[in-house]
>>> print(open('model-v3.txt').read())   # compact mmCIF, C-alpha atoms (C1' of nucleotides)
# COMPACT_ATOMS: atom_id res chain seq x y z
CA ASP A 1 -13.42 -24.82 1.04
CA ILE A 2 -11.86 -23.47 4.17
CA MET A 3 -8.88 -25.65 3.43
CA TYR A 4 -8.53 -24.20 -0.04
CA SER A 5 -8.99 -20.67 1.13
CA CYS A 6 -6.40 -21.08 3.85
CA ILE A 7 -3.85 -22.64 1.58
CA ILE A 8 -4.39 -20.12 -1.18
CA THR A 9 -3.97 -17.35 1.35
CA VAL A 10 -0.82 -18.78 2.81
CA MET A 11 0.65 -19.24 -0.64
CA ALA A 12 -0.29 -15.76 -1.69
CA LYS A 13 1.24 -14.27 1.42
CA SER A 14 4.48 -16.17 1.08
CA GLY A 15 4.93 -14.90 -2.46
CA ARG A 16 3.91 -18.17 -4.07
CA TRP A 17 1.13 -16.55 -5.98
CA SER A 18 1.41 -18.76 -9.06
CA GLU A 19 0.87 -21.84 -6.91
CA ALA A 20 -2.05 -20.12 -5.22
CA LEU A 21 -3.68 -19.52 -8.58
CA LEU A 22 -3.03 -23.07 -9.69
CA LEU A 23 -4.75 -24.24 -6.56
CA LEU A 24 -7.91 -22.38 -7.52
CA GLU A 25 -7.90 -24.33 -10.79
CA GLN A 26 -7.32 -27.51 -8.83
CA ALA A 27 -10.40 -26.85 -6.73
CA HIS A 28 -12.49 -26.71 -9.87
CA GLN A 29 -11.03 -29.97 -11.14
CA ASP A 30 -11.78 -31.64 -7.84
CA GLY A 31 -15.40 -30.68 -8.28
CA ILE A 32 -15.29 -28.14 -5.48
CA ALA A 33 -16.87 -24.77 -6.11
CA PRO A 34 -14.55 -22.20 -4.52
CA ASN A 35 -16.37 -19.73 -2.31
CA LYS A 36 -15.96 -15.98 -1.99
CA TYR A 37 -13.02 -16.32 0.36
CA CYS A 38 -11.10 -18.50 -2.08
CA TYR A 39 -11.67 -16.05 -4.90
CA THR A 40 -10.67 -13.10 -2.80
CA ALA A 41 -7.51 -14.84 -1.69
CA ALA A 42 -6.79 -15.65 -5.34
CA VAL A 43 -7.38 -12.04 -6.38
CA ASN A 44 -4.96 -11.03 -3.69
CA ALA A 45 -2.48 -13.50 -5.15
CA CYS A 46 -2.93 -11.66 -8.45
CA ALA A 47 -1.97 -8.47 -6.68
CA LYS A 48 1.22 -10.03 -5.41
CA GLY A 49 1.99 -11.39 -8.86
CA ARG A 50 1.00 -8.22 -10.69
CA LYS A 51 -1.58 -10.04 -12.74
CA SER A 52 -4.13 -7.29 -13.21
CA ARG A 53 -5.86 -8.89 -16.16
CA LEU A 54 -6.33 -12.15 -14.29
CA ALA A 55 -7.69 -10.29 -11.27
CA ILE A 56 -10.40 -8.72 -13.42
CA ALA A 57 -11.15 -12.08 -14.96
CA LEU A 58 -11.56 -13.67 -11.55
CA LEU A 59 -14.00 -10.96 -10.50
CA GLN A 60 -16.04 -11.69 -13.59
CA GLU A 61 -15.86 -15.42 -13.01
CA MET A 62 -17.18 -14.98 -9.48
CA ARG A 63 -20.22 -13.16 -10.75
CA VAL A 64 -20.86 -15.84 -13.35
CA LYS A 65 -20.86 -18.40 -10.55
CA GLY A 66 -23.33 -16.36 -8.58
CA LEU A 67 -20.87 -15.10 -5.99
CA ARG A 68 -21.03 -11.44 -5.04
CA PRO A 69 -17.71 -9.67 -4.67
CA ASP A 70 -17.71 -7.71 -1.43
CA HIS A 71 -15.57 -4.90 -0.02
CA VAL A 72 -12.65 -7.17 0.63
CA THR A 73 -12.79 -8.67 -2.86
CA TYR A 74 -12.85 -5.24 -4.42
CA GLY A 75 -10.13 -4.05 -2.09
CA SER A 76 -7.92 -6.87 -3.29
CA ALA A 77 -8.80 -6.21 -6.92
CA ILE A 78 -8.02 -2.53 -6.62
CA THR A 79 -4.74 -3.44 -4.99
CA ALA A 80 -4.00 -5.71 -7.93
CA MET A 81 -4.51 -2.73 -10.24
CA ALA A 82 -2.30 -0.61 -8.02
CA LYS A 83 0.57 -3.08 -8.10
CA SER A 84 0.36 -3.16 -11.89
CA GLY A 85 0.27 0.60 -12.20
CA GLU A 86 -3.22 0.48 -13.68
CA TRP A 87 -4.65 3.47 -11.91
CA GLU A 88 -7.46 4.01 -14.40
CA ARG A 89 -8.74 0.49 -13.94
CA ALA A 90 -8.50 0.95 -10.19
CA LEU A 91 -10.76 4.00 -10.41
CA ASP A 92 -13.09 2.08 -12.71
CA LEU A 93 -13.44 -0.58 -10.02
CA LEU A 94 -14.26 2.06 -7.42
CA ARG A 95 -17.07 3.34 -9.61
CA GLU A 96 -18.19 -0.16 -10.45
CA MET A 97 -18.62 -1.23 -6.85
CA ALA A 98 -20.60 1.90 -6.09
CA GLU A 99 -22.86 1.12 -9.02
CA GLU A 100 -23.44 -2.32 -7.55
CA GLY A 101 -24.55 -0.71 -4.33
CA LEU A 102 -21.31 -1.42 -2.48
CA GLU A 103 -20.16 1.92 -1.13
CA PRO A 104 -16.35 1.92 -1.20
CA ASN A 105 -14.91 1.89 2.29
CA VAL A 106 -11.71 3.42 3.61
CA VAL A 107 -9.59 0.48 2.50
CA CYS A 108 -10.92 0.54 -1.06
CA PHE A 109 -10.28 4.25 -1.30
CA GLY A 110 -6.87 3.77 0.23
CA ALA A 111 -5.99 1.15 -2.34
CA ALA A 112 -7.20 3.47 -5.10
CA VAL A 113 -5.02 6.28 -3.77
CA ASP A 114 -2.12 3.86 -3.91
CA ALA A 115 -2.99 2.99 -7.49
CA CYS A 116 -2.70 6.68 -8.34
CA ALA A 117 0.59 6.82 -6.47
CA LYS A 118 2.01 3.89 -8.38
CA GLY A 119 0.67 5.30 -11.62
CA GLY A 120 2.39 8.64 -11.13
CA GLN A 121 -0.94 10.46 -10.68
CA TRP A 122 -0.21 12.48 -7.58
CA ARG A 123 -2.84 15.13 -8.26
CA LYS A 124 -5.51 12.49 -8.56
CA ALA A 125 -4.25 10.80 -5.41
CA VAL A 126 -4.64 14.03 -3.46
CA SER A 127 -8.04 14.82 -4.91
CA LEU A 128 -9.26 11.35 -3.99
CA LEU A 129 -8.89 12.33 -0.35
CA GLU A 130 -11.46 15.03 -0.92
CA GLU A 131 -13.69 12.75 -2.96
CA MET A 132 -13.82 10.17 -0.23
CA ARG A 133 -14.76 12.80 2.31
CA GLU A 134 -17.60 13.88 0.05
CA ALA A 135 -18.65 10.25 -0.08
CA GLY A 136 -18.81 10.25 3.70
CA VAL A 137 -15.65 8.22 4.24
CA GLU A 138 -13.07 9.93 6.42
CA PRO A 139 -9.49 9.29 5.24
CA ASP A 140 -7.41 7.51 7.85
CA ARG A 141 -3.67 7.66 8.40
CA ILE A 142 -2.94 5.13 5.69
CA CYS A 143 -4.87 7.17 3.12
CA TYR A 144 -2.96 10.30 4.02
CA ASN A 145 0.33 8.47 4.00
CA THR A 146 -0.43 7.00 0.62
CA ALA A 147 -1.30 10.41 -0.82
CA VAL A 148 1.87 11.90 0.65
CA ASN A 149 3.78 9.05 -0.92
CA ALA A 150 2.12 9.70 -4.26
CA CYS A 151 3.55 13.21 -4.18
CA ALA A 152 6.88 11.92 -2.97
CA GLN A 153 7.26 9.44 -5.78
CA SER A 154 6.84 12.32 -8.22
CA GLY A 155 9.37 14.47 -6.45
CA GLN A 156 6.71 16.88 -5.17
CA TRP A 157 8.24 17.39 -1.77
CA GLU A 158 6.55 20.70 -1.12
CA ILE A 159 3.08 19.25 -1.65
CA ALA A 160 4.02 16.20 0.39
CA LEU A 161 5.19 18.45 3.19
CA SER A 162 2.11 20.63 3.09
CA ILE A 163 -0.17 17.61 3.49
CA THR A 164 1.98 16.48 6.39
CA ASP A 165 1.66 19.90 7.99
CA LYS A 166 -2.08 19.75 7.62
CA MET A 167 -2.06 16.42 9.41
CA HIS A 168 -0.13 18.01 12.26
CA CYS A 169 -2.58 20.89 12.56
CA ALA A 170 -5.79 18.91 12.11
CA GLY A 171 -8.17 18.12 14.91
CA GLU A 172 -7.50 15.91 17.86
CA LYS A 173 -9.14 12.89 16.28
CA ALA A 174 -7.42 13.34 12.95
CA PRO A 175 -4.56 11.04 12.03
CA ARG A 176 -1.07 12.25 12.98
CA PRO A 177 1.93 11.82 10.75
CA ASP A 178 4.02 8.77 11.57
CA ALA A 179 7.29 7.34 10.31
CA PHE A 180 5.65 6.27 7.03
CA THR A 181 4.54 9.84 6.41
CA LEU A 182 7.86 11.47 7.15
CA ASN A 183 9.86 8.80 5.37
CA SER A 184 7.89 9.53 2.23
CA VAL A 185 8.54 13.24 2.53
CA MET A 186 12.23 12.53 2.96
CA TYR A 187 12.14 10.28 -0.07
CA ALA A 188 10.79 13.22 -2.05
CA MET A 189 13.63 15.41 -0.81
CA ALA A 190 16.16 12.75 -1.70
CA TYR A 191 14.60 12.48 -5.12
CA VAL A 192 15.26 16.14 -5.90
CA GLY A 193 18.65 16.34 -4.21
CA GLU A 194 17.51 18.31 -1.17
CA TRP A 195 19.76 16.36 1.14
CA GLU A 196 20.34 19.18 3.61
CA ARG A 197 16.66 19.77 4.07
CA LEU A 198 16.22 16.03 4.42
CA LEU A 199 18.78 15.78 7.20
CA GLY A 200 17.06 18.66 8.95
CA MET A 201 13.81 16.77 8.83
CA LEU A 202 15.43 13.54 9.99
CA HIS A 203 16.83 15.23 13.05
CA GLY A 204 13.58 17.05 13.72
CA MET A 205 11.50 13.87 13.80
CA HIS A 206 11.80 13.44 17.54
CA ASP A 207 10.36 16.91 18.05
CA VAL A 208 7.13 15.82 16.41
CA GLY A 209 7.03 12.61 18.35
CA VAL A 210 8.12 10.25 15.62
CA VAL A 211 11.04 7.88 16.06
CA PRO A 212 13.21 7.50 12.97
CA ASP A 213 13.46 3.90 11.81
CA VAL A 214 15.72 1.96 9.48
CA VAL A 215 13.89 3.28 6.45
CA SER A 216 14.36 6.86 7.63
CA TYR A 217 18.11 6.46 7.98
CA ASN A 218 18.40 4.43 4.83
CA THR A 219 16.60 7.11 2.83
CA ALA A 220 18.84 9.76 4.32
CA MET A 221 22.00 7.83 3.52
CA ARG A 222 20.92 7.26 -0.06
CA ALA A 223 20.32 10.98 -0.44
CA CYS A 224 23.78 11.75 0.89
CA ASN A 225 25.42 9.20 -1.35
CA LYS A 226 23.55 10.50 -4.35
CA ALA A 227 24.86 13.98 -3.59
CA GLN A 228 28.34 12.52 -3.02
CA GLN A 229 28.20 13.58 0.61
CA TYR A 230 29.85 10.41 1.78
CA ASN A 231 30.97 11.81 5.10
CA ARG A 232 27.39 12.83 5.82
CA ALA A 233 26.20 9.38 4.92
CA LEU A 234 28.70 7.84 7.29
CA SER A 235 27.76 10.12 10.16
CA THR A 236 24.11 9.38 9.53
CA PHE A 237 24.94 5.71 9.80
CA GLU A 238 26.73 6.29 13.09
CA THR A 239 23.80 8.31 14.38
CA MET A 240 21.56 5.43 13.51
CA LEU A 241 23.62 2.94 15.47
CA GLN A 242 23.80 5.28 18.43
CA ALA A 243 20.04 5.57 18.32
CA GLY A 244 19.86 1.82 18.70
CA VAL A 245 18.55 1.25 15.19
CA PHE A 246 20.28 -1.58 13.37
CA PRO A 247 20.23 -2.69 9.74
CA ASP A 248 18.41 -5.92 8.98
C1' A B 1 -20.55 -9.77 24.85
C1' U B 2 -15.71 -9.94 21.97
C1' C B 3 -12.51 -12.78 18.59
C1' C B 4 -12.57 -17.24 15.34
C1' A B 5 -10.60 -18.71 6.76
C1' G B 6 -10.07 -13.34 2.36
C1' A B 7 -8.25 -6.72 1.41
C1' G B 8 -4.94 -0.69 1.56
C1' U B 9 0.62 3.06 2.93
C1' U B 10 7.30 4.39 3.37
C1' U B 11 13.56 2.86 1.71
C1' U B 12 15.87 -1.49 -0.97
C1' U B 13 14.27 -5.93 -4.24
C1' A B 14 11.54 -8.52 -9.89
C1' C B 15 10.26 -7.84 -15.71
C1' A B 16 13.44 -3.44 -17.84
>>> encode(input="model-v3.txt", output="structure tokens")
Amino acid sequence: DIMYSCIITVMAKSGRWSEALLLLEQAHQDGIAPNKYCYTAAVNACAKGRKSRLAIALLQEMRVKGLRPDHVTYGSAITAMAKSGEWERALDLLREMAEEGLEPNVVCFGAAVDACAKGGQWRKAVSLLEEMREAGVEPDRICYNTAVNACAQSGQWEIALSITDKMHCAGEKAPRPDAFTLNSVMYAMAYVGEWERLLGMLHGMHDVGVVPDVVSYNTAMRACNKAQQYNRALSTFETMLQAGVFPD
RNA sequence: AUCCAGAGUUUUUACA
């Protein structure tokens, strides 16, 4: 079983999700009853392969075999919904696990926020942050970043920025914005053609203790190119190299 | 004592 779980995991992680799922079938044919870990790894393979329907089916199959999906299984399943843009199903799973007495943890909520992001539901993504707090789960940096990204993907740069500002001003223990956060905000600015504002933010990153990375510069250059500011794009590229950041 | 097979976030990339 450990063998199967390991191999399924490796295959899922290396993008060979279809082989991972075939392997689960193989286990059955060999007369081996896959355990919870195998199923969870397979559900995660569904996420990679955007097979939301199959992920739900696997959850059901587990229960039929007397296996109880746990937080990790649900986290993977919600991720599978997220990758397929099925935000409603993701929220259904959140409710479902709570009904089974499994209180969603920070990862499950985080995955659900991402599902809303991928589904274009930025308002829901933001309100989920509040819902999780009410459920006694404090959003971590990833949850905030994901909500900021939800706004960004819809071009809501002002909302994205306001959440980021709140992160800056929150208590000492609260999560600080990082490159993921600011890159998402810049993406939002690029999206709506606010390239000047974006460059201002890029150059102000150091002041808030965040080092721009390849994604930061790449996002900035795309914004410049989109606005036909080719000279700006070029100088951004040069700035990047001078900062010791190199393209992959 | 701690770790010891399985989950969540940014640009580009797939089906279009």
>>> residues_around(input="model-v3.txt", residues="segment 88-97 of chain A", least_positions_apart="3", cutoff="10 Å", atoms="all atoms listed in the file", output="number ranges by chain")
A: 52, 56, 69-71, 74-75, 77-82, 84-85, 100-105, 108-109, 111-116, 119, 121, 128
>>> closest_residue(input="model-v3.txt", among="A:Met201, A:Leu234, A:Met240, A:Val10", to="A5 of chain B", atoms="all atoms listed in the file")
A:Val10
>>> interface_residues(input="model-v3.txt", of="chain B", to="chain A", cutoff="9 Å", atoms="all atoms listed in the file", output="list in words")
A5, G6, A7, G8, U9, U10, U11 and U12 of chain B
>>> closest_residue(input="model-v3.txt", among="A:Glu172, A:Ala33, A:Ser18, A:Leu24", to="Lys51 of chain A", atoms="all atoms listed in the file")
A:Ser18
>>> axis_aligned_box(input="model-v3.txt", around="segment 1-14 of chain B", padding_each_side="6 Å", output="lines of an AutoDock Vina configuration file")
center_x = -2.3
center_y = -7.2
center_z = 7.5
size_x = 48.4
size_y = 35.1
size_z = 46.7
>>> atom_distance(input="model-v3.txt", atom1="atom CA of Thr164 of chain A", atom2="atom CA of Val208 of chain A")
11.3 Å
>>> atom_distance(input="model-v3.txt", atom1="atom CA of Leu198 of chain A", atom2="atom CA of Pro177 of chain A")
16.2 Å
>>> residues_near_point(input="model-v3.txt", point="(20.7, 7.4, 15.8)", cutoff="12 Å", atoms="all atoms listed in the file", output="MDAnalysis selection string")
chainID A and resid 202:203 205:206 211:214 216:218 220 234:247
>>> atom_distance(input="model-v3.txt", atom1="atom CA of Gly49 of chain A", atom2="atom CA of Lys83 of chain A")
8.5 Å
>>> residues_around(input="model-v3.txt", residues="Glu138 of chain A", least_positions_apart="3", cutoff="9 Å", atoms="all atoms listed in the file", output="ChimeraX atom specification")
/A:106,129,132-135
>>> build_atoms(input="model-v3.txt", residues="segment 134-169 of chain A", atoms="N, CA and C atoms", output="PDB file, in the coordinates of the input")
ATOM      1  N   GLU A 134     -16.270  13.557   0.585  1.00  0.00           N
ATOM      2  CA  GLU A 134     -17.600  13.880   0.050  1.00  0.00           C
ATOM      3  C   GLU A 134     -18.496  12.654   0.036  1.00  0.00           C
ATOM      4  N   ALA A 135     -17.875  11.490  -0.085  1.00  0.00           N
ATOM      5  CA  ALA A 135     -18.650  10.250  -0.080  1.00  0.00           C
ATOM      6  C   ALA A 135     -18.942   9.787   1.345  1.00  0.00           C
ATOM      7  N   GLY A 136     -18.509  10.594   2.313  1.00  0.00           N
ATOM      8  CA  GLY A 136     -18.810  10.250   3.700  1.00  0.00           C
ATOM      9  C   GLY A 136     -17.829   9.298   4.336  1.00  0.00           C
ATOM     10  N   VAL A 137     -16.673   9.108   3.686  1.00  0.00           N
ATOM     11  CA  VAL A 137     -15.650   8.220   4.240  1.00  0.00           C
ATOM     12  C   VAL A 137     -14.452   9.083   4.657  1.00  0.00           C
ATOM     13  N   GLU A 138     -14.156   9.087   5.918  1.00  0.00           N
ATOM     14  CA  GLU A 138     -13.070   9.930   6.420  1.00  0.00           C
ATOM     15  C   GLU A 138     -11.722   9.227   6.191  1.00  0.00           C
ATOM     16  N   PRO A 139     -10.804   9.907   5.503  1.00  0.00           N
ATOM     17  CA  PRO A 139      -9.490   9.290   5.240  1.00  0.00           C
ATOM     18  C   PRO A 139      -8.769   8.994   6.555  1.00  0.00           C
ATOM     19  N   ASP A 140      -8.182   7.843   6.661  1.00  0.00           N
ATOM     20  CA  ASP A 140      -7.410   7.510   7.850  1.00  0.00           C
ATOM     21  C   ASP A 140      -5.924   7.775   7.584  1.00  0.00           C
ATOM     22  N   ARG A 141      -5.099   7.377   8.512  1.00  0.00           N
ATOM     23  CA  ARG A 141      -3.670   7.660   8.400  1.00  0.00           C
ATOM     24  C   ARG A 141      -3.068   7.021   7.149  1.00  0.00           C
ATOM     25  N   ILE A 142      -3.496   5.815   6.856  1.00  0.00           N
ATOM     26  CA  ILE A 142      -2.940   5.130   5.690  1.00  0.00           C
ATOM     27  C   ILE A 142      -3.275   5.893   4.411  1.00  0.00           C
ATOM     28  N   CYS A 143      -4.492   6.397   4.314  1.00  0.00           N
ATOM     29  CA  CYS A 143      -4.870   7.170   3.120  1.00  0.00           C
ATOM     30  C   CYS A 143      -4.004   8.407   2.981  1.00  0.00           C
ATOM     31  N   TYR A 144      -3.827   9.110   4.067  1.00  0.00           N
ATOM     32  CA  TYR A 144      -2.960  10.300   4.020  1.00  0.00           C
ATOM     33  C   TYR A 144      -1.538   9.915   3.643  1.00  0.00           C
ATOM     34  N   ASN A 145      -1.036   8.900   4.296  1.00  0.00           N
ATOM     35  CA  ASN A 145       0.330   8.470   4.000  1.00  0.00           C
ATOM     36  C   ASN A 145       0.494   8.109   2.536  1.00  0.00           C
ATOM     37  N   THR A 146      -0.506   7.439   2.009  1.00  0.00           N
ATOM     38  CA  THR A 146      -0.430   7.000   0.620  1.00  0.00           C
ATOM     39  C   THR A 146      -0.438   8.201  -0.320  1.00  0.00           C
ATOM     40  N   ALA A 147      -1.249   9.201   0.011  1.00  0.00           N
ATOM     41  CA  ALA A 147      -1.300  10.410  -0.820  1.00  0.00           C
ATOM     42  C   ALA A 147       0.028  11.180  -0.726  1.00  0.00           C
ATOM     43  N   VAL A 148       0.562  11.251   0.477  1.00  0.00           N
ATOM     44  CA  VAL A 148       1.870  11.900   0.650  1.00  0.00           C
ATOM     45  C   VAL A 148       2.908  11.156  -0.184  1.00  0.00           C
ATOM     46  N   ASN A 149       2.833   9.837  -0.140  1.00  0.00           N
ATOM     47  CA  ASN A 149       3.780   9.050  -0.920  1.00  0.00           C
ATOM     48  C   ASN A 149       3.603   9.242  -2.418  1.00  0.00           C
ATOM     49  N   ALA A 150       2.371   9.435  -2.836  1.00  0.00           N
ATOM     50  CA  ALA A 150       2.120   9.700  -4.260  1.00  0.00           C
ATOM     51  C   ALA A 150       2.880  10.948  -4.690  1.00  0.00           C
ATOM     52  N   CYS A 151       2.825  11.975  -3.881  1.00  0.00           N
ATOM     53  CA  CYS A 151       3.550  13.210  -4.180  1.00  0.00           C
ATOM     54  C   CYS A 151       5.054  12.956  -4.142  1.00  0.00           C
ATOM     55  N   ALA A 152       5.456  12.200  -3.143  1.00  0.00           N
ATOM     56  CA  ALA A 152       6.880  11.920  -2.970  1.00  0.00           C
ATOM     57  C   ALA A 152       7.468  11.209  -4.173  1.00  0.00           C
ATOM     58  N   GLN A 153       6.746  10.225  -4.662  1.00  0.00           N
ATOM     59  CA  GLN A 153       7.260   9.440  -5.780  1.00  0.00           C
ATOM     60  C   GLN A 153       7.386  10.274  -7.050  1.00  0.00           C
ATOM     61  N   SER A 154       6.715  11.414  -7.078  1.00  0.00           N
ATOM     62  CA  SER A 154       6.840  12.320  -8.220  1.00  0.00           C
ATOM     63  C   SER A 154       7.768  13.475  -7.925  1.00  0.00           C
ATOM     64  N   GLY A 155       8.432  13.413  -6.788  1.00  0.00           N
ATOM     65  CA  GLY A 155       9.370  14.470  -6.450  1.00  0.00           C
ATOM     66  C   GLY A 155       8.723  15.742  -5.938  1.00  0.00           C
ATOM     67  N   GLN A 156       7.431  15.690  -5.636  1.00  0.00           N
ATOM     68  CA  GLN A 156       6.710  16.880  -5.170  1.00  0.00           C
ATOM     69  C   GLN A 156       6.832  17.024  -3.663  1.00  0.00           C
ATOM     70  N   TRP A 157       8.021  17.385  -3.219  1.00  0.00           N
ATOM     71  CA  TRP A 157       8.240  17.390  -1.770  1.00  0.00           C
ATOM     72  C   TRP A 157       7.477  18.510  -1.078  1.00  0.00           C
ATOM     73  N   GLU A 158       7.250  19.614  -1.785  1.00  0.00           N
ATOM     74  CA  GLU A 158       6.550  20.700  -1.120  1.00  0.00           C
ATOM     75  C   GLU A 158       5.080  20.364  -0.865  1.00  0.00           C
ATOM     76  N   ILE A 159       4.471  19.693  -1.838  1.00  0.00           N
ATOM     77  CA  ILE A 159       3.080  19.250  -1.650  1.00  0.00           C
ATOM     78  C   ILE A 159       3.028  18.194  -0.546  1.00  0.00           C
ATOM     79  N   ALA A 160       3.970  17.265  -0.625  1.00  0.00           N
ATOM     80  CA  ALA A 160       4.020  16.200   0.390  1.00  0.00           C
ATOM     81  C   ALA A 160       4.131  16.812   1.778  1.00  0.00           C
ATOM     82  N   LEU A 161       4.979  17.809   1.889  1.00  0.00           N
ATOM     83  CA  LEU A 161       5.190  18.450   3.190  1.00  0.00           C
ATOM     84  C   LEU A 161       3.952  19.214   3.636  1.00  0.00           C
ATOM     85  N   SER A 162       3.277  19.845   2.692  1.00  0.00           N
ATOM     86  CA  SER A 162       2.110  20.630   3.090  1.00  0.00           C
ATOM     87  C   SER A 162       0.983  19.723   3.587  1.00  0.00           C
ATOM     88  N   ILE A 163       0.843  18.549   2.985  1.00  0.00           N
ATOM     89  CA  ILE A 163      -0.170  17.610   3.490  1.00  0.00           C
ATOM     90  C   ILE A 163       0.212  17.150   4.896  1.00  0.00           C
ATOM     91  N   THR A 164       1.502  16.900   5.069  1.00  0.00           N
ATOM     92  CA  THR A 164       1.980  16.480   6.390  1.00  0.00           C
ATOM     93  C   THR A 164       1.699  17.554   7.438  1.00  0.00           C
ATOM     94  N   ASP A 165       1.927  18.798   7.057  1.00  0.00           N
ATOM     95  CA  ASP A 165       1.660  19.900   7.990  1.00  0.00           C
ATOM     96  C   ASP A 165       0.186  19.976   8.349  1.00  0.00           C
ATOM     97  N   LYS A 166      -0.648  19.738   7.338  1.00  0.00           N
ATOM     98  CA  LYS A 166      -2.080  19.750   7.620  1.00  0.00           C
ATOM     99  C   LYS A 166      -2.448  18.654   8.615  1.00  0.00           C
ATOM    100  N   MET A 167      -1.791  17.520   8.476  1.00  0.00           N
ATOM    101  CA  MET A 167      -2.060  16.420   9.410  1.00  0.00           C
ATOM    102  C   MET A 167      -1.683  16.843  10.833  1.00  0.00           C
ATOM    103  N   HIS A 168      -0.566  17.542  10.946  1.00  0.00           N
ATOM    104  CA  HIS A 168      -0.130  18.010  12.260  1.00  0.00           C
ATOM    105  C   HIS A 168      -1.148  18.959  12.887  1.00  0.00           C
ATOM    106  N   CYS A 169      -1.707  19.831  12.058  1.00  0.00           N
ATOM    107  CA  CYS A 169      -2.580  20.890  12.560  1.00  0.00           C
ATOM    108  C   CYS A 169      -4.036  20.490  12.652  1.00  0.00           C
TER     109      CYS A 169
END
